$ cat structure.pdb   # PDB, C-alpha atoms
ATOM      1  CA  MET A   1      25.556  48.383-135.381  1.00  0.00           C
ATOM      2  CA  SER A   2      24.078  51.260-133.357  1.00  0.00           C
ATOM      3  CA  THR A   3      22.214  48.839-131.070  1.00  0.00           C
ATOM      4  CA  ILE A   4      25.479  47.064-130.218  1.00  0.00           C
ATOM      5  CA  VAL A   5      27.202  50.351-129.395  1.00  0.00           C
ATOM      6  CA  LEU A   6      24.284  51.383-127.197  1.00  0.00           C
ATOM      7  CA  ALA A   7      24.320  47.961-125.503  1.00  0.00           C
ATOM      8  CA  GLN A   8      28.029  48.397-124.766  1.00  0.00           C
ATOM      9  CA  VAL A   9      27.410  51.851-123.294  1.00  0.00           C
ATOM     10  CA  ALA A  10      24.577  50.478-121.146  1.00  0.00           C
ATOM     11  CA  GLU A  11      26.825  47.646-119.960  1.00  0.00           C
ATOM     12  CA  ARG A  12      29.585  50.058-118.956  1.00  0.00           C
ATOM     13  CA  ALA A  13      26.994  52.121-117.083  1.00  0.00           C
ATOM     14  CA  GLY A  14      25.642  49.069-115.282  1.00  0.00           C
ATOM     15  CA  ARG A  15      22.213  49.558-116.899  1.00  0.00           C
ATOM     16  CA  TYR A  16      21.522  45.933-117.665  1.00  0.00           C
ATOM     17  CA  ASP A  17      17.794  46.303-118.274  1.00  0.00           C
ATOM     18  CA  ASP A  18      18.631  48.789-121.030  1.00  0.00           C
ATOM     19  CA  MET A  19      21.383  46.512-122.338  1.00  0.00           C
ATOM     20  CA  ALA A  20      18.911  43.639-122.528  1.00  0.00           C
ATOM     21  CA  ASP A  21      16.472  45.793-124.505  1.00  0.00           C
ATOM     22  CA  TYR A  22      19.182  46.781-126.979  1.00  0.00           C
ATOM     23  CA  MET A  23      20.323  43.177-127.423  1.00  0.00           C
ATOM     24  CA  LYS A  24      16.711  42.075-127.897  1.00  0.00           C
ATOM     25  CA  GLU A  25      16.404  44.681-130.651  1.00  0.00           C
ATOM     26  CA  ARG A  26      19.614  43.385-132.262  1.00  0.00           C
ATOM     27  CA  ALA A  27      18.414  39.769-132.157  1.00  0.00           C
ATOM     28  CA  GLU A  28      15.098  40.707-133.737  1.00  0.00           C
ATOM     29  CA  GLN A  29      16.842  42.185-136.769  1.00  0.00           C
ATOM     30  CA  GLY A  30      16.991  38.664-138.149  1.00  0.00           C
ATOM     31  CA  THR A  31      20.676  38.264-139.015  1.00  0.00           C
ATOM     32  CA  PRO A  32      22.568  35.715-136.882  1.00  0.00           C
ATOM     33  CA  LEU A  33      24.461  36.971-133.860  1.00  0.00           C
ATOM     34  CA  ASN A  34      28.222  36.601-133.981  1.00  0.00           C
ATOM     35  CA  SER A  35      29.995  35.087-130.971  1.00  0.00           C
ATOM     36  CA  GLU A  36      30.580  38.462-129.285  1.00  0.00           C
ATOM     37  CA  GLU A  37      26.947  39.504-129.756  1.00  0.00           C
ATOM     38  CA  ARG A  38      25.802  36.123-128.484  1.00  0.00           C
ATOM     39  CA  ASP A  39      27.819  36.586-125.297  1.00  0.00           C
ATOM     40  CA  MET A  40      26.470  40.137-124.912  1.00  0.00           C
ATOM     41  CA  PHE A  41      22.888  38.911-125.283  1.00  0.00           C
ATOM     42  CA  SER A  42      23.452  36.315-122.570  1.00  0.00           C
ATOM     43  CA  ALA A  43      25.288  38.717-120.241  1.00  0.00           C
ATOM     44  CA  ALA A  44      22.615  41.395-120.544  1.00  0.00           C
ATOM     45  CA  PHE A  45      19.774  39.190-119.390  1.00  0.00           C
ATOM     46  CA  LYS A  46      21.863  37.345-116.809  1.00  0.00           C
ATOM     47  CA  ASN A  47      22.968  40.575-115.147  1.00  0.00           C
ATOM     48  CA  ALA A  48      19.440  41.999-115.295  1.00  0.00           C
ATOM     49  CA  LEU A  49      18.297  38.938-113.324  1.00  0.00           C
ATOM     50  CA  THR A  50      21.103  38.388-110.829  1.00  0.00           C
ATOM     51  CA  GLU A  51      20.144  40.990-108.208  1.00  0.00           C
ATOM     52  CA  ARG A  52      16.445  40.183-108.565  1.00  0.00           C
ATOM     53  CA  ARG A  53      16.989  36.443-107.984  1.00  0.00           C
ATOM     54  CA  GLN A  54      18.992  37.277-104.870  1.00  0.00           C
ATOM     55  CA  ALA A  55      16.350  39.762-103.706  1.00  0.00           C
ATOM     56  CA  VAL A  56      13.610  37.131-103.964  1.00  0.00           C
ATOM     57  CA  ARG A  57      15.677  34.687-101.916  1.00  0.00           C
ATOM     58  CA  VAL A  58      16.378  37.311 -99.241  1.00  0.00           C
ATOM     59  CA  ALA A  59      12.722  38.336 -99.054  1.00  0.00           C
ATOM     60  CA  LEU A  60      11.633  34.703 -98.657  1.00  0.00           C
ATOM     61  CA  SER A  61      14.229  34.154 -95.934  1.00  0.00           C
ATOM     62  CA  MET A  62      13.139  37.276 -94.061  1.00  0.00           C
ATOM     63  CA  ALA A  63       9.468  36.312 -94.367  1.00  0.00           C
ATOM     64  CA  GLN A  64      10.195  32.925 -92.791  1.00  0.00           C
ATOM     65  CA  HIS A  65      12.288  34.562 -90.064  1.00  0.00           C
ATOM     66  CA  GLU A  66       9.408  36.901 -89.192  1.00  0.00           C
ATOM     67  CA  VAL A  67       6.923  34.009 -89.061  1.00  0.00           C
ATOM     68  CA  ASP A  68       9.237  32.088 -86.736  1.00  0.00           C
ATOM     69  CA  ALA A  69       9.426  35.176 -84.520  1.00  0.00           C
ATOM     70  CA  GLY A  70       5.638  35.451 -84.412  1.00  0.00           C
ATOM     71  CA  ARG A  71       5.494  38.626 -86.494  1.00  0.00           C
ATOM     72  CA  GLN A  72       3.016  37.711 -89.221  1.00  0.00           C
ATOM     73  CA  GLY A  73       2.459  41.298 -90.316  1.00  0.00           C
ATOM     74  CA  GLN A  74       6.133  41.836 -91.062  1.00  0.00           C
ATOM     75  CA  SER A  75       6.247  38.493 -92.847  1.00  0.00           C
ATOM     76  CA  ASP A  76       3.374  39.553 -95.079  1.00  0.00           C
ATOM     77  CA  LEU A  77       5.243  42.735 -95.975  1.00  0.00           C
ATOM     78  CA  ALA A  78       8.333  40.716 -96.934  1.00  0.00           C
ATOM     79  CA  LEU A  79       6.207  38.392 -99.047  1.00  0.00           C
ATOM     80  CA  GLY A  80       4.626  41.384-100.755  1.00  0.00           C
ATOM     81  CA  TYR A  81       8.063  42.680-101.678  1.00  0.00           C
ATOM     82  CA  LYS A  82       9.030  39.218-102.890  1.00  0.00           C
ATOM     83  CA  SER A  83       6.002  39.223-105.199  1.00  0.00           C
ATOM     84  CA  LYS A  84       6.983  42.624-106.619  1.00  0.00           C
ATOM     85  CA  VAL A  85      10.514  41.517-107.454  1.00  0.00           C
ATOM     86  CA  ALA A  86       9.354  38.111-108.709  1.00  0.00           C
ATOM     87  CA  SER A  87       7.051  39.899-111.148  1.00  0.00           C
ATOM     88  CA  GLU A  88      10.040  41.826-112.524  1.00  0.00           C
ATOM     89  CA  LEU A  89      12.019  38.591-112.737  1.00  0.00           C
ATOM     90  CA  GLN A  90       9.218  36.885-114.638  1.00  0.00           C
ATOM     91  CA  GLU A  91       9.002  39.771-117.093  1.00  0.00           C
ATOM     92  CA  ILE A  92      12.716  39.582-117.872  1.00  0.00           C
ATOM     93  CA  CYS A  93      12.642  35.801-118.269  1.00  0.00           C
ATOM     94  CA  ASN A  94       9.661  35.978-120.614  1.00  0.00           C
ATOM     95  CA  LYS A  95      11.357  38.683-122.666  1.00  0.00           C
ATOM     96  CA  ALA A  96      14.483  36.547-123.092  1.00  0.00           C
ATOM     97  CA  LEU A  97      12.459  33.430-123.877  1.00  0.00           C
ATOM     98  CA  SER A  98      10.373  35.261-126.469  1.00  0.00           C
ATOM     99  CA  VAL A  99      13.493  36.242-128.420  1.00  0.00           C
ATOM    100  CA  LEU A 100      15.088  32.831-128.027  1.00  0.00           C
ATOM    101  CA  GLU A 101      12.024  30.968-129.251  1.00  0.00           C
ATOM    102  CA  SER A 102      11.027  33.389-132.000  1.00  0.00           C
ATOM    103  CA  HIS A 103      14.468  34.059-133.453  1.00  0.00           C
ATOM    104  CA  LEU A 104      17.616  32.590-131.966  1.00  0.00           C
ATOM    105  CA  VAL A 105      16.978  28.877-131.412  1.00  0.00           C
ATOM    106  CA  ALA A 106      15.260  28.332-134.743  1.00  0.00           C
ATOM    107  CA  SER A 107      17.910  30.205-136.725  1.00  0.00           C
ATOM    108  CA  ALA A 108      20.896  28.476-135.087  1.00  0.00           C
ATOM    109  CA  VAL A 109      22.346  25.913-137.483  1.00  0.00           C
ATOM    110  CA  ASP A 110      25.750  24.946-136.067  1.00  0.00           C
ATOM    111  CA  PRO A 111      25.985  22.784-132.919  1.00  0.00           C
ATOM    112  CA  GLU A 112      27.779  25.466-130.911  1.00  0.00           C
ATOM    113  CA  SER A 113      25.127  28.152-131.437  1.00  0.00           C
ATOM    114  CA  LYS A 114      22.258  25.720-131.021  1.00  0.00           C
ATOM    115  CA  THR A 115      23.714  24.381-127.770  1.00  0.00           C
ATOM    116  CA  PHE A 116      24.281  27.915-126.489  1.00  0.00           C
ATOM    117  CA  PHE A 117      20.747  29.115-127.127  1.00  0.00           C
ATOM    118  CA  LEU A 118      19.025  25.917-125.978  1.00  0.00           C
ATOM    119  CA  LYS A 119      21.032  26.047-122.741  1.00  0.00           C
ATOM    120  CA  MET A 120      19.933  29.647-122.260  1.00  0.00           C
ATOM    121  CA  GLN A 121      16.330  28.675-122.988  1.00  0.00           C
ATOM    122  CA  GLY A 122      16.516  25.933-120.367  1.00  0.00           C
ATOM    123  CA  ASP A 123      18.128  28.310-117.873  1.00  0.00           C
ATOM    124  CA  TYR A 124      15.391  30.928-118.162  1.00  0.00           C
ATOM    125  CA  TYR A 125      12.618  28.405-117.771  1.00  0.00           C
ATOM    126  CA  ARG A 126      14.541  27.113-114.741  1.00  0.00           C
ATOM    127  CA  TYR A 127      14.637  30.601-113.263  1.00  0.00           C
ATOM    128  CA  LEU A 128      10.870  30.851-113.736  1.00  0.00           C
ATOM    129  CA  ALA A 129      10.361  27.470-112.089  1.00  0.00           C
ATOM    130  CA  GLU A 130      12.517  28.398-109.083  1.00  0.00           C
ATOM    131  CA  PHE A 131       9.970  30.855-107.730  1.00  0.00           C
ATOM    132  CA  ALA A 132       6.708  29.779-109.365  1.00  0.00           C
ATOM    133  CA  GLU A 133       4.129  27.594-107.674  1.00  0.00           C
ATOM    134  CA  GLY A 134       1.606  24.936-108.678  1.00  0.00           C
ATOM    135  CA  ASP A 135       0.796  24.547-112.369  1.00  0.00           C
ATOM    136  CA  ALA A 136       3.027  27.471-113.357  1.00  0.00           C
ATOM    137  CA  ARG A 137       6.026  25.790-111.737  1.00  0.00           C
ATOM    138  CA  ALA A 138       5.270  22.464-113.406  1.00  0.00           C
ATOM    139  CA  LYS A 139       4.862  24.104-116.806  1.00  0.00           C
ATOM    140  CA  ALA A 140       8.131  26.034-116.510  1.00  0.00           C
ATOM    141  CA  ALA A 141       9.968  22.933-115.276  1.00  0.00           C
ATOM    142  CA  ASN A 142       8.672  20.839-118.183  1.00  0.00           C
ATOM    143  CA  SER A 143       9.740  23.516-120.670  1.00  0.00           C
ATOM    144  CA  ALA A 144      13.178  23.723-119.060  1.00  0.00           C
ATOM    145  CA  ALA A 145      13.601  19.951-119.252  1.00  0.00           C
ATOM    146  CA  ALA A 146      12.623  19.948-122.932  1.00  0.00           C
ATOM    147  CA  ALA A 147      15.072  22.732-123.780  1.00  0.00           C
ATOM    148  CA  TYR A 148      17.926  21.152-121.831  1.00  0.00           C
ATOM    149  CA  GLY A 149      17.197  17.780-123.453  1.00  0.00           C
ATOM    150  CA  ALA A 150      17.278  19.286-126.947  1.00  0.00           C
ATOM    151  CA  GLY A 151      20.474  21.079-125.991  1.00  0.00           C
ATOM    152  CA  MET A 152      22.110  17.833-124.927  1.00  0.00           C
ATOM    153  CA  GLN A 153      21.299  16.364-128.340  1.00  0.00           C
ATOM    154  CA  ALA A 154      22.805  19.376-130.118  1.00  0.00           C
ATOM    155  CA  ALA A 155      25.862  19.293-127.851  1.00  0.00           C
ATOM    156  CA  ALA A 156      26.649  15.730-128.946  1.00  0.00           C
ATOM    157  CA  GLY A 157      28.194  17.337-132.038  1.00  0.00           C
ATOM    158  CA  LEU A 158      30.743  19.187-129.894  1.00  0.00           C
ATOM    159  CA  SER A 159      33.934  18.042-128.200  1.00  0.00           C
ATOM    160  CA  PRO A 160      33.438  16.517-124.727  1.00  0.00           C
ATOM    161  CA  VAL A 161      35.571  19.373-123.385  1.00  0.00           C
ATOM    162  CA  HIS A 162      33.788  22.141-125.251  1.00  0.00           C
ATOM    163  CA  ALA A 163      32.891  24.744-122.617  1.00  0.00           C
ATOM    164  CA  GLY A 164      29.342  25.062-123.960  1.00  0.00           C
ATOM    165  CA  ARG A 165      28.704  21.330-123.789  1.00  0.00           C
ATOM    166  CA  LEU A 166      30.058  21.077-120.254  1.00  0.00           C
ATOM    167  CA  GLY A 167      28.197  24.195-119.116  1.00  0.00           C
ATOM    168  CA  LEU A 168      24.947  22.795-120.430  1.00  0.00           C
ATOM    169  CA  ALA A 169      25.471  19.502-118.595  1.00  0.00           C
ATOM    170  CA  LEU A 170      26.314  21.388-115.405  1.00  0.00           C
ATOM    171  CA  ASN A 171      23.183  23.532-115.527  1.00  0.00           C
ATOM    172  CA  PHE A 172      20.950  20.631-116.544  1.00  0.00           C
ATOM    173  CA  SER A 173      22.210  18.552-113.621  1.00  0.00           C
ATOM    174  CA  VAL A 174      21.655  21.458-111.209  1.00  0.00           C
ATOM    175  CA  PHE A 175      18.112  21.816-112.552  1.00  0.00           C
ATOM    176  CA  LEU A 176      17.468  18.108-112.019  1.00  0.00           C
ATOM    177  CA  HIS A 177      18.812  18.318-108.476  1.00  0.00           C
ATOM    178  CA  GLU A 178      17.262  21.600-107.319  1.00  0.00           C
ATOM    179  CA  VAL A 179      14.022  21.948-109.284  1.00  0.00           C
ATOM    180  CA  ILE A 180      13.017  18.380-110.186  1.00  0.00           C
ATOM    181  CA  GLN A 181      14.697  17.053-107.018  1.00  0.00           C
ATOM    182  CA  ASP A 182      15.805  13.894-108.807  1.00  0.00           C
ATOM    183  CA  ASN A 183      19.209  13.350-107.289  1.00  0.00           C
ATOM    184  CA  GLU A 184      19.970  10.173-109.227  1.00  0.00           C
ATOM    185  CA  ALA A 185      19.210  11.771-112.608  1.00  0.00           C
ATOM    186  CA  ALA A 186      21.306  14.790-111.628  1.00  0.00           C
ATOM    187  CA  LYS A 187      24.245  12.563-110.725  1.00  0.00           C
ATOM    188  CA  ARG A 188      23.933  10.566-113.961  1.00  0.00           C
ATOM    189  CA  THR A 189      23.947  13.712-116.074  1.00  0.00           C
ATOM    190  CA  ALA A 190      26.876  15.273-114.236  1.00  0.00           C
ATOM    191  CA  SER A 191      28.848  12.013-114.058  1.00  0.00           C
ATOM    192  CA  GLN A 192      28.544  11.287-117.762  1.00  0.00           C
ATOM    193  CA  ALA A 193      29.686  14.799-118.696  1.00  0.00           C
ATOM    194  CA  TYR A 194      32.568  14.663-116.233  1.00  0.00           C
ATOM    195  CA  ASP A 195      33.745  11.186-117.268  1.00  0.00           C
ATOM    196  CA  GLU A 196      33.663  12.037-120.984  1.00  0.00           C
ATOM    197  CA  GLY A 197      35.390  15.368-120.402  1.00  0.00           C
ATOM    198  CA  ALA A 198      38.051  13.959-118.107  1.00  0.00           C
ATOM    199  CA  GLN A 199      39.226  11.653-120.897  1.00  0.00           C
ATOM    200  CA  HIS A 200      40.165  14.757-122.921  1.00  0.00           C
ATOM    201  CA  GLU A 201      41.097  17.039-120.045  1.00  0.00           C
ATOM    202  CA  GLY A 202      44.408  17.967-121.667  1.00  0.00           C
ATOM    203  CA  ALA A 203      42.510  19.673-124.498  1.00  0.00           C
ATOM    204  CA  ALA A 204      40.246  21.671-122.161  1.00  0.00           C
ATOM    205  CA  ASN A 205      40.515  25.453-122.067  1.00  0.00           C
ATOM    206  CA  GLU A 206      40.274  27.413-118.814  1.00  0.00           C
ATOM    207  CA  ASP A 207      36.467  27.675-118.860  1.00  0.00           C
ATOM    208  CA  ALA A 208      36.057  23.967-119.580  1.00  0.00           C
ATOM    209  CA  ALA A 209      38.524  23.010-116.841  1.00  0.00           C
ATOM    210  CA  LEU A 210      36.618  25.161-114.354  1.00  0.00           C
ATOM    211  CA  THR A 211      33.323  23.528-115.333  1.00  0.00           C
ATOM    212  CA  LEU A 212      34.834  20.061-114.940  1.00  0.00           C
ATOM    213  CA  ASN A 213      35.849  21.050-111.408  1.00  0.00           C
ATOM    214  CA  LEU A 214      32.318  22.300-110.676  1.00  0.00           C
ATOM    215  CA  LEU A 215      30.852  19.032-111.933  1.00  0.00           C
ATOM    216  CA  ALA A 216      33.234  17.092-109.697  1.00  0.00           C
ATOM    217  CA  ASP A 217      32.351  19.291-106.711  1.00  0.00           C
ATOM    218  CA  ASN A 218      28.636  18.735-107.247  1.00  0.00           C
ATOM    219  CA  LEU A 219      29.034  15.003-107.615  1.00  0.00           C
ATOM    220  CA  GLN A 220      30.882  14.898-104.309  1.00  0.00           C
ATOM    221  CA  LEU A 221      28.252  17.101-102.652  1.00  0.00           C
ATOM    222  CA  TRP A 222      25.334  15.047-104.003  1.00  0.00           C
ATOM    223  CA  GLY A 223      26.813  11.787-102.775  1.00  0.00           C
TER
END
$ encode --input "structure.pdb" --output "structure tokens"
Amino acid sequence: MSTIVLAQVAERAGRYDDMADYMKERAEQGTPLNSEERDMFSAAFKNALTERRQAVRVALSMAQHEVDAGRQGQSDLALGYKSKVASELQEICNKALSVLESHLVASAVDPESKTFFLKMQGDYYRYLAEFAEGDARAKAANSAAAAYGAGMQAAAGLSPVHAGRLGLALNFSVFLHEVIQDNEAAKRTASQAYDEGAQHEGAANEDAALTLNLLADNLQLWG
């Protein structure tokens, strides 16, 4: 109980690295996370990553801008900063994946929990793949695909308008489009989830309805 209280304090203080450490400690206690704890675990790691993912993108953009302007030295400095932040990002992803693979995925028995944790596992391998290169990128992408695929199987036991099922399909399709760069597979995944969900749209809650809209937007964008 004390770890949850400390995680809540860290969240209020905007100390997401600390929150992630507290939620990791809670997950490693062995007893299943309840739905609130599950959401806190996800939020802690997501918020710890958000600014770092943006920082890597900005650093890469600035490095390219400096190259285009003929300032190689400044570009090298930007790339050095990108490497520093990417190292932090990798550490956080690996920490989340270690807990997911050692404790949370294996212990999840109901479709909702299993879908949730497998989606998160796929997401964190996707984040690793976004900024990795060569063999490391391929390995992370393959692990993400495997986790998303297992998640899709688990999600088959949920309603087509369950927010977790739709969110998984959304993220999997984005991964296929952005990381694997397989536009047709991305469209198939998104289209199937949207078509099945749209048939039960009246039963969708607010989160599910929003995800259906995001799927529709992506399908339009991807052609």
$ resolve_selection --input "structure.pdb" --expression "the PyMOL selection byres ((chain A and resi 32) around 10)" --output "NGL selection string"
:A and (26-31 or 33-35 or 37-38 or 103-104 or 107-109 or 113)
$ closest_residue --input "structure.pdb" --among "A:Tyr127, A:Phe172, A:Tyr148, A:Phe116" --to "Leu89 (chain A)" --atoms "all atoms listed in the file"
A:Tyr127
$ residues_near_point --input "structure.pdb" --point "(19.1, 24.9, -120.3)" --cutoff "10 Å" --atoms "all atoms listed in the file" --output "mmCIF file with C-alpha atoms, in the frame of the given file"
data_model
loop_
_atom_site.group_PDB
_atom_site.id
_atom_site.type_symbol
_atom_site.label_atom_id
_atom_site.label_comp_id
_atom_site.auth_asym_id
_atom_site.auth_seq_id
_atom_site.Cartn_x
_atom_site.Cartn_y
_atom_site.Cartn_z
ATOM 1 C CA THR A 115 23.714 24.381 -127.770
ATOM 2 C CA PHE A 116 24.281 27.915 -126.489
ATOM 3 C CA PHE A 117 20.747 29.115 -127.127
ATOM 4 C CA LEU A 118 19.025 25.917 -125.978
ATOM 5 C CA LYS A 119 21.032 26.047 -122.741
ATOM 6 C CA MET A 120 19.933 29.647 -122.260
ATOM 7 C CA GLN A 121 16.330 28.675 -122.988
ATOM 8 C CA GLY A 122 16.516 25.933 -120.367
ATOM 9 C CA ASP A 123 18.128 28.310 -117.873
ATOM 10 C CA TYR A 124 15.391 30.928 -118.162
ATOM 11 C CA TYR A 125 12.618 28.405 -117.771
ATOM 12 C CA ARG A 126 14.541 27.113 -114.741
ATOM 13 C CA SER A 143 9.740 23.516 -120.670
ATOM 14 C CA ALA A 144 13.178 23.723 -119.060
ATOM 15 C CA ALA A 145 13.601 19.951 -119.252
ATOM 16 C CA ALA A 146 12.623 19.948 -122.932
ATOM 17 C CA ALA A 147 15.072 22.732 -123.780
ATOM 18 C CA TYR A 148 17.926 21.152 -121.831
ATOM 19 C CA GLY A 149 17.197 17.780 -123.453
ATOM 20 C CA ALA A 150 17.278 19.286 -126.947
ATOM 21 C CA GLY A 151 20.474 21.079 -125.991
ATOM 22 C CA MET A 152 22.110 17.833 -124.927
ATOM 23 C CA GLY A 167 28.197 24.195 -119.116
ATOM 24 C CA LEU A 168 24.947 22.795 -120.430
ATOM 25 C CA ALA A 169 25.471 19.502 -118.595
ATOM 26 C CA LEU A 170 26.314 21.388 -115.405
ATOM 27 C CA ASN A 171 23.183 23.532 -115.527
ATOM 28 C CA PHE A 172 20.950 20.631 -116.544
ATOM 29 C CA SER A 173 22.210 18.552 -113.621
ATOM 30 C CA PHE A 175 18.112 21.816 -112.552
#
$ atom_distance --input "structure.pdb" --atom1 "CA of Gly164 (chain A)" --atom2 "CA of Asp217 (chain A)"
18.4 Å
$ residues_around --input "structure.pdb" --residues "region 68-84 of chain A" --least-positions-apart "4" --cutoff "10 Å" --atoms "all atoms listed in the file" --output "mmCIF file with C-alpha atoms, in the frame of the given file"
data_model
loop_
_atom_site.group_PDB
_atom_site.id
_atom_site.type_symbol
_atom_site.label_atom_id
_atom_site.label_comp_id
_atom_site.auth_asym_id
_atom_site.auth_seq_id
_atom_site.Cartn_x
_atom_site.Cartn_y
_atom_site.Cartn_z
ATOM 1 C CA ARG A 52 16.445 40.183 -108.565
ATOM 2 C CA ARG A 53 16.989 36.443 -107.984
ATOM 3 C CA ALA A 55 16.350 39.762 -103.706
ATOM 4 C CA VAL A 56 13.610 37.131 -103.964
ATOM 5 C CA ARG A 57 15.677 34.687 -101.916
ATOM 6 C CA VAL A 58 16.378 37.311 -99.241
ATOM 7 C CA ALA A 59 12.722 38.336 -99.054
ATOM 8 C CA LEU A 60 11.633 34.703 -98.657
ATOM 9 C CA SER A 61 14.229 34.154 -95.934
ATOM 10 C CA MET A 62 13.139 37.276 -94.061
ATOM 11 C CA ALA A 63 9.468 36.312 -94.367
ATOM 12 C CA GLN A 64 10.195 32.925 -92.791
ATOM 13 C CA GLU A 88 10.040 41.826 -112.524
ATOM 14 C CA LEU A 89 12.019 38.591 -112.737
ATOM 15 C CA PHE A 131 9.970 30.855 -107.730
#
$ residues_around --input "structure.pdb" --residues "Asp207 (chain A)" --least-positions-apart "2" --cutoff "9 Å" --atoms "all atoms listed in the file" --output "MDAnalysis selection string"
chainID A and resid 162:163 167 204:205 209:212
$ residues_around --input "structure.pdb" --residues "Lys187 (chain A)" --least-positions-apart "2" --cutoff "12 Å" --atoms "all atoms listed in the file" --output "ChimeraX atom specification"
/A:169-170,172-178,181-185,189-195,215-223
$ closest_residue --input "structure.pdb" --among "A:Ala106, A:Val161, A:Ile180, A:Val85" --to "Ala141 (chain A)" --atoms "only C-alpha atoms"
A:Ile180
$ atom_distance --input "structure.pdb" --atom1 "CA of Ala155 (chain A)" --atom2 "CA of Val99 (chain A)"
21.0 Å
$ build_atoms --input "structure.pdb" --residues "region 201-207 of chain A" --atoms "all heavy atoms" --output "mmCIF file, keeping the file's coordinate frame"
data_model
loop_
_atom_site.group_PDB
_atom_site.id
_atom_site.type_symbol
_atom_site.label_atom_id
_atom_site.label_comp_id
_atom_site.auth_asym_id
_atom_site.auth_seq_id
_atom_site.Cartn_x
_atom_site.Cartn_y
_atom_site.Cartn_z
ATOM 1 N N GLU A 201 40.848 15.874 -120.887
ATOM 2 C CA GLU A 201 41.097 17.039 -120.045
ATOM 3 C C GLU A 201 42.269 17.878 -120.543
ATOM 4 O O GLU A 201 42.300 19.098 -120.380
ATOM 5 C CB GLU A 201 41.349 16.603 -118.595
ATOM 6 C CG GLU A 201 41.327 17.751 -117.618
ATOM 7 C CD GLU A 201 41.288 17.261 -116.177
ATOM 8 O OE1 GLU A 201 41.351 16.035 -115.965
ATOM 9 O OE2 GLU A 201 41.192 18.102 -115.278
ATOM 10 N N GLY A 202 43.246 17.236 -121.169
ATOM 11 C CA GLY A 202 44.408 17.967 -121.667
ATOM 12 C C GLY A 202 44.071 18.967 -122.753
ATOM 13 O O GLY A 202 44.808 19.932 -122.972
ATOM 14 N N ALA A 203 42.927 18.766 -123.430
ATOM 15 C CA ALA A 203 42.510 19.673 -124.498
ATOM 16 C C ALA A 203 41.535 20.736 -124.012
ATOM 17 O O ALA A 203 41.067 21.564 -124.798
ATOM 18 C CB ALA A 203 41.858 18.876 -125.632
ATOM 19 N N ALA A 204 41.234 20.740 -122.712
ATOM 20 C CA ALA A 204 40.246 21.671 -122.161
ATOM 21 C C ALA A 204 40.850 23.058 -121.981
ATOM 22 O O ALA A 204 41.987 23.201 -121.528
ATOM 23 C CB ALA A 204 39.730 21.155 -120.824
ATOM 24 N N ASN A 205 40.070 24.090 -122.355
ATOM 25 C CA ASN A 205 40.515 25.453 -122.067
ATOM 26 C C ASN A 205 40.172 25.801 -120.619
ATOM 27 O O ASN A 205 39.645 24.970 -119.869
ATOM 28 C CB ASN A 205 39.911 26.460 -123.057
ATOM 29 C CG ASN A 205 38.393 26.549 -122.975
ATOM 30 O OD1 ASN A 205 37.785 26.152 -121.975
ATOM 31 N ND2 ASN A 205 37.773 27.086 -124.005
ATOM 32 N N GLU A 206 40.448 27.027 -120.218
ATOM 33 C CA GLU A 206 40.274 27.413 -118.814
ATOM 34 C C GLU A 206 38.811 27.293 -118.365
ATOM 35 O O GLU A 206 38.531 26.794 -117.272
ATOM 36 C CB GLU A 206 40.758 28.851 -118.618
ATOM 37 C CG GLU A 206 40.718 29.321 -117.175
ATOM 38 C CD GLU A 206 41.292 30.718 -117.002
ATOM 39 O OE1 GLU A 206 41.894 31.232 -117.966
ATOM 40 O OE2 GLU A 206 41.130 31.294 -115.903
ATOM 41 N N ASP A 207 37.887 27.745 -119.220
ATOM 42 C CA ASP A 207 36.467 27.675 -118.860
ATOM 43 C C ASP A 207 36.005 26.225 -118.714
ATOM 44 O O ASP A 207 35.256 25.885 -117.792
ATOM 45 C CB ASP A 207 35.611 28.378 -119.920
ATOM 46 C CG ASP A 207 35.740 29.889 -119.860
ATOM 47 O OD1 ASP A 207 36.189 30.410 -118.822
ATOM 48 O OD2 ASP A 207 35.404 30.552 -120.861
#
